[in-house]
Structure formats: C-alpha cells, structure tokens
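With mmCIF, C-alpha atoms inside, this is entry.cif:
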data_protein
loop_
_atom_site.label_atom_id
_atom_site.label_comp_id
_atom_site.auth_asym_id
_atom_site.auth_seq_id
_atom_site.Cartn_x
_atom_site.Cartn_y
_atom_site.Cartn_z
CA MET D 4 -134.13 -190.83 212.64
CA PHE D 5 -133.21 -190.88 208.95
CA LEU D 6 -135.64 -188.16 207.79
CA PRO D 7 -134.56 -185.51 210.31
CA ASN D 8 -130.91 -186.15 209.42
CA LEU D 9 -131.76 -185.90 205.72
CA LYS D 10 -133.63 -182.64 206.24
CA ALA D 11 -130.71 -181.25 208.22
CA ALA D 12 -128.30 -182.20 205.44
CA TRP D 13 -130.46 -180.54 202.79
CA PHE D 14 -130.84 -177.45 204.95
CA SER D 15 -127.04 -177.20 205.39
CA LEU D 16 -126.56 -177.63 201.65
CA LEU D 17 -129.11 -174.87 200.98
CA ILE D 18 -127.30 -172.49 203.34
CA VAL D 19 -123.97 -173.15 201.59
CA PHE D 20 -125.61 -172.54 198.19
CA LEU D 21 -127.20 -169.28 199.30
CA LEU D 22 -123.95 -168.01 200.78
CA ALA D 23 -122.11 -168.79 197.55
CA ALA D 24 -124.82 -167.10 195.50
CA CYS D 25 -124.50 -163.96 197.62
CA THR D 26 -120.82 -163.51 196.69
CA LYS D 27 -120.75 -160.46 194.48
CA ASN D 28 -118.51 -160.01 191.47
CA GLU D 29 -116.46 -157.57 193.52
CA PHE D 30 -113.21 -157.31 195.40
CA SER D 31 -112.01 -154.60 197.76
CA VAL D 32 -108.66 -152.91 198.34
CA ASP D 33 -107.83 -151.27 201.66
CA ILE D 34 -104.58 -149.27 201.87
CA LYS D 35 -102.97 -148.23 205.16
CA LEU D 36 -99.55 -146.61 204.83
CA ALA D 37 -97.55 -144.18 206.94
CA GLU D 38 -99.57 -141.11 207.86
CA ASP D 39 -97.31 -138.79 205.85
CA VAL D 40 -98.10 -140.55 202.54
CA ASN D 41 -100.34 -138.45 200.30
CA GLU D 42 -100.31 -139.83 196.76
CA VAL D 43 -102.58 -140.78 193.88
CA TYR D 44 -101.93 -144.29 192.55
CA SER D 45 -103.06 -145.87 189.33
CA SER D 46 -104.55 -149.33 189.61
CA VAL D 47 -105.17 -151.39 186.49
CA TYR D 48 -106.82 -154.78 186.11
CA TYR D 49 -108.71 -156.83 183.56
CA ALA D 50 -112.33 -156.98 184.72
CA SER D 51 -114.87 -159.54 183.56
CA ASP D 52 -118.45 -160.73 183.79
CA PRO D 53 -119.77 -164.10 182.57
CA ALA D 54 -120.01 -162.77 178.98
CA LYS D 55 -117.07 -160.42 178.38
CA GLY D 56 -113.98 -158.70 179.72
CA TRP D 57 -112.54 -155.19 179.69
CA LEU D 58 -109.54 -153.25 180.99
CA VAL D 59 -110.24 -151.05 184.01
CA GLU D 60 -108.04 -148.20 185.19
CA SER D 61 -108.85 -146.56 188.52
CA MET D 62 -107.16 -143.87 190.53
CA ILE D 63 -106.70 -144.55 194.25
CA SER D 64 -106.28 -141.41 196.30
CA VAL D 65 -104.26 -142.01 199.46
CA ALA D 66 -104.60 -139.20 202.02
CA LYS D 67 -102.73 -139.38 205.33
CA GLY D 68 -101.79 -142.93 204.46
CA LYS D 69 -105.32 -144.23 203.87
CA GLY D 70 -107.14 -145.17 200.68
CA SER D 71 -109.54 -147.75 199.28
CA MET D 72 -111.28 -148.98 196.15
CA ILE D 73 -113.88 -151.51 195.02
CA GLY D 74 -113.14 -153.53 191.90
CA VAL D 75 -115.48 -155.63 189.77
CA THR D 76 -114.61 -159.00 188.28
CA ASN D 77 -116.17 -162.41 187.78
CA ARG D 78 -112.99 -164.32 186.94
CA PRO D 79 -109.52 -164.16 188.54
CA THR D 80 -107.36 -161.22 187.50
CA LEU D 81 -104.13 -159.38 188.29
CA LEU D 82 -104.28 -155.96 189.91
CA TYR D 83 -101.33 -153.66 189.07
CA PHE D 84 -100.35 -150.73 191.29
CA THR D 85 -98.27 -148.01 189.63
CA LEU D 86 -96.65 -144.73 190.66
CA SER D 87 -94.35 -142.55 188.53
CA HIS D 88 -92.54 -144.08 185.55
CA SER D 89 -91.31 -147.31 187.10
CA ALA D 90 -91.73 -150.40 184.96
CA CYS D 91 -91.39 -152.79 187.88
CA PRO D 92 -94.66 -154.70 188.39
CA VAL D 93 -96.28 -154.50 191.83
CA VAL D 94 -99.13 -156.97 191.55
CA ALA D 95 -101.88 -158.67 193.52
CA TYR D 96 -103.69 -161.80 192.34
CA VAL D 97 -107.41 -161.24 192.85
CA GLU D 98 -110.54 -163.39 192.80
CA ARG D 99 -114.08 -162.13 193.35
CA GLY D 100 -114.86 -161.67 197.01
CA ASP D 101 -111.21 -161.08 197.95
CA LYS D 102 -110.34 -158.39 200.45
CA ILE D 103 -106.92 -157.08 199.47
CA LYS D 104 -105.03 -155.32 202.26
CA VAL D 105 -102.03 -153.09 201.55
CA THR D 106 -99.73 -151.88 204.31
CA GLY D 107 -96.36 -150.19 204.39
CA ALA D 108 -94.23 -147.42 205.83
CA SER D 109 -93.44 -145.98 202.40
CA GLY D 110 -95.34 -144.50 199.48
CA ASN D 111 -93.31 -146.65 197.10
CA PRO D 112 -95.41 -149.68 195.99
CA LEU D 113 -92.21 -151.74 195.77
CA ASP D 114 -92.09 -151.65 199.60
CA TRP D 115 -95.68 -152.66 200.21
CA GLU D 116 -97.01 -155.73 202.03
CA ILE D 117 -100.03 -156.97 200.06
CA GLU D 118 -102.33 -159.65 201.52
CA GLY D 119 -105.68 -161.19 200.62
CA ASN D 120 -104.94 -164.70 199.36
CA LYS D 121 -102.04 -167.16 199.37
CA LEU D 122 -100.83 -166.41 195.84
CA THR D 123 -100.78 -162.65 196.43
CA GLU D 124 -98.84 -163.19 199.64
CA LYS D 125 -96.29 -165.37 197.80
CA LEU D 126 -95.88 -162.66 195.14
CA THR D 127 -95.39 -160.09 197.88
CA ARG D 128 -92.82 -162.17 199.73
CA TRP D 129 -90.80 -162.78 196.57
CA ARG D 130 -90.90 -159.08 195.64
CA LEU D 131 -89.76 -157.97 199.10
CA ASP D 132 -87.05 -160.62 199.27
CA ASN D 133 -85.71 -159.39 195.92
CA LYS D 134 -86.40 -155.68 196.37
CA THR D 135 -82.73 -154.69 196.01
CA LEU D 136 -82.60 -156.36 192.58
CA LEU D 137 -85.97 -154.96 191.51
CA MET D 138 -84.86 -151.41 192.28
CA ASN D 139 -82.70 -151.79 189.15
CA TYR D 140 -85.57 -153.14 187.05
CA ASP D 141 -85.59 -150.02 184.82
CA SER D 142 -81.83 -150.01 184.36
CA ASP D 143 -80.22 -150.37 180.93
CA SER D 144 -77.60 -152.64 182.53
CA SER D 145 -77.57 -156.19 181.22
CA ALA D 146 -76.08 -157.27 184.54
CA ALA D 147 -79.17 -155.95 186.38
CA GLY D 148 -81.48 -157.79 183.99
CA ARG D 149 -79.54 -161.03 184.38
CA ALA D 150 -79.61 -160.75 188.17
CA ILE D 151 -83.41 -160.49 188.19
CA ASN D 152 -83.67 -163.36 185.69
CA ASP D 153 -81.46 -165.50 187.94
CA ALA D 154 -83.71 -164.78 190.93
CA VAL D 155 -86.79 -165.80 188.95
CA ALA D 156 -85.06 -168.92 187.63
CA LYS D 157 -84.03 -169.94 191.16
CA THR D 158 -87.64 -169.89 192.37
CA ILE D 159 -88.93 -171.74 189.30
CA LYS D 160 -86.36 -174.51 189.78
CA GLU D 161 -87.38 -174.82 193.44
CA VAL D 162 -91.18 -174.87 192.89
CA PRO D 163 -91.94 -175.50 189.17
CA GLU D 164 -95.43 -176.72 190.04
CA ASP D 165 -96.42 -173.54 191.92
CA PRO D 166 -98.51 -170.91 190.04
CA LEU D 167 -96.12 -168.38 191.61
CA SER D 168 -93.42 -169.61 189.22
CA ALA D 169 -95.57 -169.00 186.13
CA LEU D 170 -96.48 -165.50 187.27
CA LEU D 171 -92.89 -164.59 188.13
CA LEU D 172 -91.79 -165.76 184.69
CA GLY D 173 -94.37 -163.58 182.97
CA LEU D 174 -94.08 -160.57 185.26
CA TYR D 175 -90.38 -160.20 186.03
CA TYR D 176 -88.25 -162.30 183.68
CA ASN D 177 -86.49 -160.15 181.08
CA ARG D 178 -87.24 -162.22 178.01
CA ARG D 179 -85.31 -159.88 175.74
CA GLU D 180 -82.18 -160.41 177.82
CA ASP D 181 -82.35 -164.20 177.51
CA PRO D 182 -85.07 -165.54 175.17
CA LYS D 183 -83.69 -169.11 175.27
CA GLY D 184 -83.67 -169.03 179.05
CA PHE D 185 -87.30 -167.91 179.02
CA GLU D 186 -88.33 -170.80 176.76
CA LYS D 187 -86.39 -173.29 178.88
CA LEU D 188 -88.03 -172.12 182.09
CA LEU D 189 -91.45 -172.06 180.43
CA LYS D 190 -91.05 -175.72 179.44
CA SER D 191 -89.84 -176.61 182.95
CA LEU D 192 -93.13 -175.60 184.61
CA LYS D 193 -95.06 -178.56 185.96
CA GLY D 194 -98.51 -179.46 187.27
CA ASP D 195 -100.64 -176.49 188.22
CA GLY D 196 -97.75 -174.16 187.43
CA ALA D 197 -97.84 -175.27 183.79
CA ASP D 198 -101.50 -174.35 183.36
CA GLN D 199 -101.76 -171.75 180.58
CA LYS D 200 -104.30 -169.77 182.60
CA TRP D 201 -101.53 -168.21 184.72
CA LEU D 202 -99.65 -166.67 181.80
CA SER D 203 -103.00 -165.77 180.24
CA LEU D 204 -103.71 -163.58 183.27
CA ILE D 205 -100.68 -161.52 182.29
CA SER D 206 -100.89 -161.59 178.52
CA ARG D 207 -104.58 -160.98 177.90
CA ALA D 208 -104.31 -157.31 178.90
CA ASP D 209 -102.35 -156.64 175.69
CA LEU D 210 -102.89 -159.96 173.89
CA ILE D 211 -99.22 -160.89 173.43
CA ASP D 212 -98.39 -164.48 172.44
CA MET D 213 -96.21 -165.53 175.37
CA GLN D 214 -95.36 -168.83 173.65
CA SER D 215 -93.40 -167.35 170.73
CA ASP D 216 -89.95 -168.83 170.11
CA SER D 217 -88.33 -165.51 169.16
CA ALA D 218 -87.18 -162.51 171.18
CA PHE D 219 -89.95 -160.51 169.56
CA PRO D 220 -93.34 -162.17 169.15
CA ASP D 221 -94.46 -162.89 165.60
CA LYS D 222 -97.31 -160.47 166.09
CA VAL D 223 -98.93 -158.25 168.68
CA VAL D 224 -102.62 -157.39 168.87
CA LEU D 225 -102.99 -153.87 170.23
CA ARG D 226 -106.02 -152.02 171.58
CA SER D 227 -105.67 -148.92 169.46
CA ILE D 228 -107.44 -145.67 170.33
CA PHE D 229 -109.21 -145.05 167.02
CA THR D 230 -109.76 -148.48 165.42
CA GLY D 231 -110.20 -150.60 168.54
CA CYS D 232 -107.90 -153.41 167.48
CA ASP D 233 -104.77 -153.56 165.30
CA THR D 234 -102.43 -156.45 164.58
CA VAL D 235 -98.76 -155.56 164.20
CA LYS D 236 -96.57 -158.23 162.59
CA PHE D 237 -92.79 -158.30 163.01
CA ARG D 238 -91.99 -159.59 159.53
CA ASN D 239 -91.56 -158.00 156.09
CA THR D 240 -92.53 -154.50 157.24
CA PRO D 241 -90.36 -152.15 159.36
CA VAL D 242 -91.98 -151.26 162.70
CA MET D 243 -91.26 -148.32 164.98
CA PHE D 244 -92.51 -148.19 168.57
CA VAL D 245 -92.54 -144.85 170.38
CA PHE D 246 -93.26 -144.88 174.14
CA SER D 247 -93.88 -141.47 175.69
CA LYS D 248 -95.78 -139.72 178.45
CA PRO D 249 -97.85 -136.58 177.64
CA SER D 250 -96.65 -134.78 180.77
CA ASP D 251 -93.00 -135.20 179.79
CA GLY D 252 -91.67 -131.74 178.98
CA SER D 253 -89.45 -133.00 176.15
CA ARG D 254 -92.28 -134.77 174.34
CA ALA D 255 -93.34 -131.75 172.28
CA GLU D 256 -89.85 -131.52 170.76
CA SER D 257 -89.52 -135.24 170.06
CA ILE D 258 -92.93 -135.53 168.38
CA ARG D 259 -91.95 -133.09 165.62
CA PRO D 260 -89.42 -135.34 163.84
CA LEU D 261 -91.81 -138.26 164.31
CA ARG D 262 -94.62 -136.26 162.71
CA GLN D 263 -92.32 -135.36 159.81
CA LEU D 264 -91.33 -139.02 159.43
CA SER D 265 -94.97 -140.13 159.26
CA ARG D 266 -95.56 -137.65 156.44
CA GLU D 267 -92.37 -138.50 154.57
CA LEU D 268 -93.11 -142.23 154.77
CA ASN D 269 -96.77 -141.67 153.96
CA ASP D 270 -97.56 -145.19 152.71
CA SER D 271 -98.66 -146.89 155.94
CA SER D 272 -98.86 -150.25 154.16
CA ARG D 273 -95.04 -150.26 153.84
CA ARG D 274 -94.18 -149.23 157.41
CA VAL D 275 -95.79 -149.29 160.85
CA ILE D 276 -95.46 -146.55 163.46
CA VAL D 277 -96.90 -147.42 166.88
CA ASN D 278 -97.50 -144.41 169.10
CA MET D 279 -97.66 -145.82 172.66
CA ILE D 280 -99.09 -143.13 174.95
CA VAL D 281 -98.37 -143.86 178.62
CA ASP D 282 -100.91 -142.12 180.82
CA ALA D 283 -103.28 -143.11 183.62
CA ASP D 284 -105.99 -140.82 182.19
CA SER D 285 -107.66 -142.17 179.03
CA LEU D 286 -109.11 -138.76 178.08
CA ASN D 287 -105.69 -137.16 178.31
CA ALA D 288 -104.26 -139.93 176.13
CA LEU D 289 -106.98 -139.38 173.54
CA SER D 290 -106.46 -135.61 173.36
CA THR D 291 -102.69 -136.11 173.14
CA CYS D 292 -103.14 -138.56 170.28
CA ARG D 293 -105.24 -136.06 168.35
CA ARG D 294 -102.65 -133.32 168.83
CA ASP D 295 -99.86 -135.61 167.61
CA SER D 296 -101.33 -135.67 164.06
CA LEU D 297 -99.27 -138.68 162.99
CA ASN D 298 -100.08 -139.84 159.47
CA GLY D 299 -101.19 -143.47 159.38
CA ALA D 300 -99.87 -144.35 162.85
CA VAL D 301 -101.32 -146.89 165.26
CA SER D 302 -102.06 -144.94 168.46
CA VAL D 303 -102.33 -146.95 171.66
CA TRP D 304 -103.25 -145.94 175.21
CA THR D 305 -101.31 -147.98 177.76
CA PRO D 306 -102.25 -147.23 181.39
CA LEU D 307 -99.97 -150.05 182.57
CA GLY D 308 -96.99 -148.01 181.45
CA LEU D 309 -93.71 -149.89 181.27
CA SER D 310 -95.30 -152.82 183.13
CA ASP D 311 -97.35 -153.46 179.99
CA ASN D 312 -96.20 -156.69 178.32
CA VAL D 313 -95.83 -154.90 174.98
CA ALA D 314 -93.30 -152.59 176.62
CA VAL D 315 -91.57 -155.53 178.30
CA SER D 316 -91.42 -157.63 175.15
CA VAL D 317 -89.81 -154.91 173.03
CA GLY D 318 -87.44 -153.88 175.82
CA ALA D 319 -88.76 -150.42 176.77
CA ARG D 320 -86.76 -149.48 179.88
CA ARG D 321 -87.71 -145.87 180.53
CA LEU D 322 -89.66 -142.94 179.09
CA PRO D 323 -89.31 -141.77 176.43
CA TRP D 324 -88.16 -144.89 174.53
CA GLU D 325 -88.03 -145.83 170.85
CA VAL D 326 -87.62 -149.22 169.20
CA VAL D 327 -87.17 -149.83 165.48
CA VAL D 328 -87.63 -153.38 164.18
CA GLY D 329 -86.43 -154.36 160.70
CA ARG D 330 -88.07 -156.49 158.03
CA ASP D 331 -86.45 -159.59 159.52
CA GLY D 332 -88.10 -159.04 162.92
CA LYS D 333 -84.86 -158.00 164.62
CA PRO D 334 -84.28 -154.68 166.44
CA LEU D 335 -82.28 -152.04 164.58
CA TYR D 336 -82.45 -149.36 167.26
CA GLU D 337 -83.38 -149.24 170.97
CA GLY D 338 -83.04 -146.10 173.03
CA SER D 339 -84.19 -142.57 173.83
CA ASP D 340 -82.71 -140.62 170.90
CA MET D 341 -85.57 -139.81 168.54
CA ALA D 342 -83.17 -138.57 165.84
CA GLU D 343 -81.36 -141.92 165.81
CA ALA D 344 -84.65 -143.82 165.82
CA VAL D 345 -85.94 -141.81 162.86
CA LYS D 346 -82.67 -142.41 161.00
CA ALA D 347 -82.91 -146.17 161.62
CA MET D 348 -86.53 -146.23 160.46
CA LYS D 349 -85.69 -144.41 157.22
CA GLU D 350 -82.90 -146.85 156.48
CA ALA D 351 -85.17 -149.82 157.23
CA CYS D 352 -87.76 -148.52 154.77
CA ARG D 353 -85.35 -148.14 151.85
#
As structure tokens, the full file:
Amino acid sequence: MFLPNLKAAWFSLLIVFLLAACTKNEFSVDIKLAEDVNEVYSSVYYASDPAKGWLVESMISVAKGKGSMIGVTNRPTLLYFTLSHSACPVVAYVERGDKIKVTGASGNPLDWEIEGNKLTEKLTRWRLDNKTLLMNYDSDSSAAGRAINDAVAKTIKEVPEDPLSALLLGLYYNRREDPKGFEKLLKSLKGDGADQKWLSLISRADLIDMQSDSAFPDKVVLRSIFTGCDTVKFRNTPVMFVFSKPSDGSRAESIRPLRQLSRELNDSSRRVIVNMIVDADSLNALSTCRRDSLNGAVSVWTPLGLSDNVAVSVGARRLPWEVVVGRDGKPLYEGSDMAEAVKAMKEACR
C-alpha cells in the first residue's frame, strides 16, 4: 500500500514541477473598450530575464475598441498605459504568466477597469474611487496636489501593511508638495508594505533614490541617449531640466534660446542642462536630440512622459516645462516660460 501511494505522490509532484517549468516569461494584455474607440496607446514597462533588465516601450493599437499585446518579463514589473500628455499614472502590476484584461466605455485610461491579479485590481479600484481628484493631477493648483496626497495618506493609514500603500505612495503622492509628509508615510509602512521591492518597482525605471530626505533627491541617474548613463547631482552646480515633446508646435521656438544658452555657458563642468525628450518613439526622440544641437547637454528619452519619476520628483506638471535648480539644491524657477528659465539659469551660474 505504501509504494503505490509514494509513486502517486511523486507523480503529482512531477506534474506540478512540469507545469511550473512551462510558464513562459510572458504576460498578455487584452483590451476591450467601446466599439467607437480607435486609438494608439503607449505601454511602458521594465522587462527582465534572469540576468538583466531593460525598459520596453510598445504601441498598442486599439481598433473598434479591441487591442492586445504580449509582454516579456521574468520578474514582477509595473505596466504603464499612456495617452496624450497626461502625467497621471494608469498602472497594472504584472508577474510572468499574468493575463491582464482591460475594459471600459471610454478611450481615457483613467476610466479603465484593469484586472489580472489582486494587486492590479486594488490599484484599479483606488484609481476609479479617486478619479475626480486624479483628473486634476496635472494641475498647478497646490490644493489639487494636497487633495490627492490626502487620499493616498488615508489609504496608507488604513492598510499600512498592504503593498498597495507602497505603490500609491510612489505613484500618486506629490512629494514636492509635502516632502515631510512623504517621509512620514514612508516610515509608517509596515510588514509586506514596507518591503523595499515595491518602491523599487517604481524607481528602477529611472533610478531615482526614493529614500532621500530632501524635496529633490541628492542625485539622479539618467539613461541618456548618447552616453548611456549620466549622474546628475543637485549640489554645487546649477541644473536646468527642460521637458518637451517633439510634436509640440512651439518647441522649435523655445529650443532657440536654450541652444544659445548652451553655447554661452559652454563649460559643461560648471552647469548641467538636461534635455528631457518626451516621446513614445525612440527613433523620433533620437533624431530630435540631434537637431537640437545643445552644447554639452544631457539628452534623455523618456517614454513614460510626465509619469516618469524624474518628472514627478522635480515637479513637471505639463509640457513644455522647465525647472532650474541652484547650487544649494533648491528650485529657482519652475514653469513653462523658457525666457524666465534661461534668465534664472544665467543668474545661478554667475
């Protein structure tokens, strides 16, 4: 009696092992929206295999409300859906083998129901419950930023041990609006919610140090177009961030004073200009960068747009947007007036 039972147990164990081994390093996305939705969406995620990781940007074509994609990843990741210039994150948590289902009556990702695993469904429920607040995510209003922060804080206080809380803190909390509040909530996370892996899912796409004690991080490691990797430090050297989209009709005019500035301040060791090109197409970003002809600038392609944590951390609220940071690591200018940004940068470099 013992041997047959033992054989049966080993056979069952073998079946489980084989089924697990057959799970591919893939996930799928199936989109079913209203039939009148015909759009092309950008999806961005950090892919991985057992040895390395890389950022993947894919275009999902939705025709008559239907679209699909296959993604590749070995480790858990976050999948961002973007349309137009909105900075508001619309995100799914994804593990290999997941089947992500997107439904909705609208072409606006903010309205979508996203399913596929419990954490994704929690993110979706929170986003839909707070949709009215999130519609003002791109607003310059401090009141709008505080309202979203309050909604995030409320959830974290209710479930500090839930990974949902860590992701909401990293994805939606306006750290620039209330840096002390961010640090307080970060320290309040408990249990599984306090595991660094959750914030790492957000930060590794642009390598920001989420644990910094200041409104601006001490440094940012950027994936630059020409050199591959550049470290920008927010101390001792003035820094200017320029966020723009190649298809923006006003960009050609705004790039001229920036080009003149880069030539006038030609010693790149004494100033840093970061040219953040927001575009879903990497080839378009590269050709735009070459046309810009900025002397000694750090040029960065950011397919995540204003959802990118670099953009969030320096307070970019719309496109175009400029930020000038002084030698003390504090912002001197934030806004969409290139002339004012150039003026602030010149003064900072004196």
(request) Apply the PyMOL selection byres ((chain D and resi 166) around 12) to the structure shown and report the selected residues as a ChimeraX atom specification. (result) /D:96,121-123,125-126,158-159,162-165,167-173,189,192-204
(message) With distances taken over only C-alpha atoms, which residue among D:Leu261, D:Ile117, D:Leu268, D:Ala288 lies nearest Glu325 (chain D)?
(response) D:Leu261
(message) Take the PyMOL selection byres ((chain D and resi 297) around 8), run it mentally on this structure, and tell me the resulting residues as a ChimeraX atom specification.
(response) /D:261-262,265-266,295-296,298-300
(request) Around the point (-89.9, -158.7, 186.3), in the coordinates given by the file, pick out the residues reaching within 10 Å, counting only C-alpha atoms, and return them as number ranges by chain. (result) D: 90-93, 130, 136-137, 140-141, 148, 151-152, 154-155, 170-178, 310, 315
(message) As a check of understanding, name the residues that the PyMOL selection byres ((chain D and resi 63-72) around 6) selects in the supplied structure, as a PyMOL selection string.
(response) chain D and resi 31-44+62+73
(request) For Ile228 (chain D), please output as a list of chain:residue names all residues within 9 Å (counting only C-alpha atoms; exclusion window: fewer than 2 positions along the same chain). (result)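 That gives D:Arg226, D:Thr230, D:Gly231, D:Cys232, D:Ala288, D:Leu289, D:Cys292, D:Val301, D:Ser302, D:Val303, D:Trp304.
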(request) Report the distance between CA of Gly119 (chain D) and CA of Ala283 (chain D) in Å, rounded to one decimal place. (result)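 Rounded to one decimal, the two atoms are 24.9 Å apart.
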(request) Can you work out the spacing between CA of Phe84 (chain D) and CA of Thr305 (chain D) in Å, to one decimal? (result) 13.8 Å
(request) Quote the spacing between CA of Asp181 (chain D) and CA of Val328 (chain D) in Å to one decimal place. (result)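 The value is 18.0 Å.
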Draw an axis-aligned box tight on the listed atoms of region 158-161 of chain D, then pad every side by 8 Å and write out centre and edge lengths in Å to one decimal as AutoDock Vina command-line options.
--center_x -87.6 --center_y -172.4 --center_z 191.4 --size_x 18.6 --size_y 20.9 --size_z 20.1
(request) Determine the nearest neighbour of Arg254 (chain D) from the options D:Thr127, D:Thr291, D:Asn312, D:Ser145, counting all atoms listed in the file. (result)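 Looking only at the distances to Arg254 (chain D), the closest residue turns out to be D:Thr291.
The closest residue to Ser285 (chain D), picked from D:Asn120, D:Asn111, D:Thr106, D:Ser227 and counting all atoms listed in the file, is D:Ser227.
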(message) Could you check the closest approach to Lys134 (chain D) for each of D:Ala150, D:Leu264, D:Leu113, D:Ala314 and tell me which residue wins, using all atoms listed in the file?
(response) D:Leu113
(request) Kindly indicate which residue among D:Met279, D:Cys352, D:Val105, D:Leu286 lies nearest to Lys248 (chain D), using only C-alpha atoms for the distances. (result)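 Closest to Lys248 (chain D) of all the choices is D:Met279.
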(message) Need the shell around region 45-55 of chain D: protein/DNA/RNA residues with any atom at most 9 Å away, counting only C-alpha atoms. Skip same-chain ones fewer than 3 positions apart. Format as a list of chain:residue names?
(response) D:Asn28, D:Leu58, D:Val59, D:Glu60, D:Ser61, D:Met62, D:Ile63, D:Ser64, D:Gly74, D:Val75, D:Thr76, D:Asn77, D:Arg78, D:Pro79, D:Thr80, D:Leu81, D:Leu82, D:Tyr83, D:Phe84, D:Thr85, D:Leu86, D:Leu204, D:Arg207, D:Ala208, D:Ala283, D:Pro306, D:Leu307
